[in-house]
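Worksheet for the structure shown next.
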Amino acid sequence: MTEATPAPTQPAALDFPLVRRTGYLLNKAGSILMEDAERALMAQGMRLRYFYVLAALESDLSLSQQDLSRLLHLDPTTMVALIDEMERAGHVERRRNPSDRRRYILRLTDGGREALERAGQAVDAVERDFLSAVPAEDRDRLRSLLGDLLADRWPRVVACE
């Protein structure tokens, strides 16, 4: 009498009910990606939210601290402290808004552009590594689908390519 070879067991995660929930999977994937990006940026002495502000200011939009606070979902008090830090580092400058003297428009300095370039390369590498199991055309499609999902949920200044 021969013994049957036991079937390989499936990883426990496959039996985990939340893997059938798209929201959970999106959240989990995003969390892992952001943790990896945070580690890569910390090696440069930068935090992820600092990078987000630099990247947001790369555009030619006239963004204020309040605009960035809403766009990036950061507490206004946190945003003020972050912009103060960025200004001290020589990465951002505040300019009076000519149409509303009570507000400031934020601009990247040359040093801020250089910091963004270095940080962007690190984040690009993390994203490439994270998404490496997905074919390039599917990565583009994923970005497009996420843009579609977020299209009416973010202010109009945010657009996914």
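Following the order of the structure tokens, chains are lettered A, B, ..., residues in each are numbered from 1, and ligands are numbered from 1.
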
Nearby residues (only C-alpha atoms) at most 7 Å from stretch 92-105 of chain A, same-chain spacing under 4 positions excluded, as a PyMOL selection string: chain A and resi 62-64+86-87+109+112

Could you dump the residues just selected with N, CA, C and O atoms as a JSON list (two decimals), in the first residue's frame?
[["chain", "number", "residue", "atom", "x", "y", "z"],
["A", 62, "SER", "N", -0.03, 77.88, -8.37],
["A", 62, "SER", "CA", 0.21, 78.79, -7.25],
["A", 62, "SER", "C", -0.45, 78.20, -6.00],
["A", 62, "SER", "O", -1.61, 78.47, -5.72],
["A", 63, "LEU", "N", 0.30, 77.37, -5.29],
["A", 63, "LEU", "CA", -0.24, 76.68, -4.13],
["A", 63, "LEU", "C", 0.17, 77.37, -2.83],
["A", 63, "LEU", "O", 1.33, 77.75, -2.66],
["A", 64, "SER", "N", -0.77, 77.46, -1.92],
["A", 64, "SER", "CA", -0.50, 78.00, -0.59],
["A", 64, "SER", "C", -0.34, 76.84, 0.39],
["A", 64, "SER", "O", -0.58, 75.68, 0.05],
["A", 86, "MET", "N", 11.23, 73.39, 5.72],
["A", 86, "MET", "CA", 11.68, 73.40, 4.32],
["A", 86, "MET", "C", 12.29, 74.75, 3.94],
["A", 86, "MET", "O", 13.25, 74.81, 3.18],
["A", 87, "GLU", "N", 11.73, 75.81, 4.51],
["A", 87, "GLU", "CA", 12.27, 77.14, 4.24],
["A", 87, "GLU", "C", 13.66, 77.28, 4.88],
["A", 87, "GLU", "O", 14.59, 77.79, 4.24],
["A", 109, "THR", "N", 12.87, 76.29, -4.41],
["A", 109, "THR", "CA", 14.13, 76.96, -4.72],
["A", 109, "THR", "C", 14.95, 76.00, -5.59],
["A", 109, "THR", "O", 14.56, 74.83, -5.78],
["A", 112, "GLY", "N", 15.66, 73.13, -3.53],
["A", 112, "GLY", "CA", 14.49, 72.26, -3.42],
["A", 112, "GLY", "C", 14.34, 71.37, -4.64],
["A", 112, "GLY", "O", 13.98, 70.20, -4.52]]

Give me, as a PyMOL selection string, all polymer residues having an atom no more than 9 Å from stretch 118-121 of chain A, counting only C-alpha atoms and skipping those fewer than 4 positions away in the same chain. chain A and resi 40-41+44+46+51+55+113-114+125-126

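In this model, the gap between atom CA of A:Val19 and atom CA of A:Leu33 comes to 17.3 Å.
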
Which parts of chain A does DSSP call helix (DSSP H, G or I) when run on the backbone here, written out as a PyMOL selection string? chain A and resi 12-15+17-20+22-42+48-57+65-72+76-88+110-130+136-150

Stretch 78-80 of chain A surroundings by only C-alpha atoms, 7 Å radius, close-in-sequence under 4 positions cut, as a PyMOL selection string: chain A and resi 65+69+74+84

Using only C-alpha atoms, can you tell me which of A:Leu116, A:Leu61, A:Glu137, A:Tyr52 comes closest to A:Glu38?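 Checking each of A:Leu116, A:Leu61, A:Glu137, A:Tyr52 against A:Glu38, counting only C-alpha atoms, the winner is A:Tyr52.
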
Neighbouring residues of A:Phe130 were defined as those with any atom within 12 Å, considering only C-alpha atoms; residues of the same chain fewer than 6 positions away were excluded. Please report them as a compact mmCIF listing (two decimals) with all heavy atoms, in the first residue's frame.
# COMPACT_ATOMS: atom_id res chain seq x y z
N ALA A 29 -1.43 47.39 -0.03
CA ALA A 29 -0.41 47.66 -1.04
C ALA A 29 0.15 49.07 -0.86
O ALA A 29 1.37 49.28 -0.90
CB ALA A 29 -0.98 47.49 -2.45
N GLY A 30 -0.73 50.04 -0.65
CA GLY A 30 -0.29 51.41 -0.44
C GLY A 30 0.57 51.55 0.81
O GLY A 30 1.59 52.26 0.79
N SER A 31 0.17 50.89 1.88
CA SER A 31 0.94 50.96 3.12
C SER A 31 2.35 50.40 2.94
O SER A 31 3.33 51.01 3.38
CB SER A 31 0.24 50.19 4.24
OG SER A 31 -0.96 50.81 4.58
N ILE A 32 2.45 49.26 2.29
CA ILE A 32 3.76 48.64 2.06
C ILE A 32 4.62 49.53 1.18
O ILE A 32 5.80 49.77 1.47
CB ILE A 32 3.60 47.23 1.46
CG1 ILE A 32 2.97 46.29 2.49
CG2 ILE A 32 4.94 46.69 0.96
CD1 ILE A 32 2.52 44.96 1.92
N LEU A 33 4.04 50.05 0.11
CA LEU A 33 4.78 50.92 -0.80
C LEU A 33 5.27 52.18 -0.08
O LEU A 33 6.42 52.60 -0.23
CB LEU A 33 3.91 51.27 -2.00
CG LEU A 33 4.53 52.16 -3.08
CD1 LEU A 33 5.81 51.54 -3.62
CD2 LEU A 33 3.53 52.38 -4.20
N MET A 34 4.41 52.78 0.74
CA MET A 34 4.79 53.99 1.45
C MET A 34 5.85 53.71 2.51
O MET A 34 6.76 54.52 2.72
CB MET A 34 3.57 54.66 2.07
CG MET A 34 2.55 55.18 1.07
SD MET A 34 3.20 56.35 -0.14
CE MET A 34 3.58 55.29 -1.54
N GLU A 35 5.77 52.57 3.19
CA GLU A 35 6.80 52.21 4.17
C GLU A 35 8.15 52.05 3.49
O GLU A 35 9.17 52.51 4.00
CB GLU A 35 6.41 50.92 4.89
CG GLU A 35 5.27 51.07 5.86
CD GLU A 35 4.72 49.73 6.35
OE1 GLU A 35 5.31 48.66 6.03
OE2 GLU A 35 3.69 49.75 7.04
N ASP A 36 8.16 51.39 2.33
CA ASP A 36 9.41 51.21 1.58
C ASP A 36 9.96 52.57 1.12
O ASP A 36 11.16 52.82 1.20
CB ASP A 36 9.20 50.30 0.37
CG ASP A 36 8.92 48.85 0.76
OD1 ASP A 36 9.06 48.49 1.95
OD2 ASP A 36 8.53 48.08 -0.14
N ALA A 37 9.08 53.43 0.62
CA ALA A 37 9.51 54.77 0.18
C ALA A 37 10.03 55.58 1.36
O ALA A 37 11.04 56.28 1.23
CB ALA A 37 8.34 55.48 -0.51
N VAL A 123 12.42 57.29 -4.78
CA VAL A 123 11.03 56.83 -4.79
C VAL A 123 10.73 56.06 -6.07
O VAL A 123 10.04 55.03 -6.05
CB VAL A 123 10.06 58.01 -4.59
CG1 VAL A 123 8.61 57.59 -4.81
CG2 VAL A 123 10.23 58.60 -3.20
N ASP A 124 11.28 56.51 -7.20
CA ASP A 124 11.10 55.78 -8.46
C ASP A 124 11.65 54.36 -8.34
O ASP A 124 11.02 53.40 -8.80
CB ASP A 124 11.81 56.49 -9.62
CG ASP A 124 11.12 57.77 -10.05
OD1 ASP A 124 9.95 57.99 -9.66
OD2 ASP A 124 11.75 58.55 -10.80
N ARG A 139 1.02 48.16 -15.24
CA ARG A 139 1.33 49.24 -14.29
C ARG A 139 0.71 50.54 -14.77
O ARG A 139 0.13 51.29 -13.99
CB ARG A 139 2.83 49.41 -14.14
CG ARG A 139 3.46 48.33 -13.27
CD ARG A 139 4.93 48.52 -13.20
NE ARG A 139 5.47 47.81 -14.36
CZ ARG A 139 6.74 47.64 -14.62
NH1 ARG A 139 7.65 48.19 -13.86
NH2 ARG A 139 7.13 46.96 -15.66

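Of the residues under consideration (A:Arg20, A:Arg141, A:Lys28, A:His73), A:His73 shows the shortest atom-to-atom contact distance to A:Arg49 when counting only C-alpha atoms.
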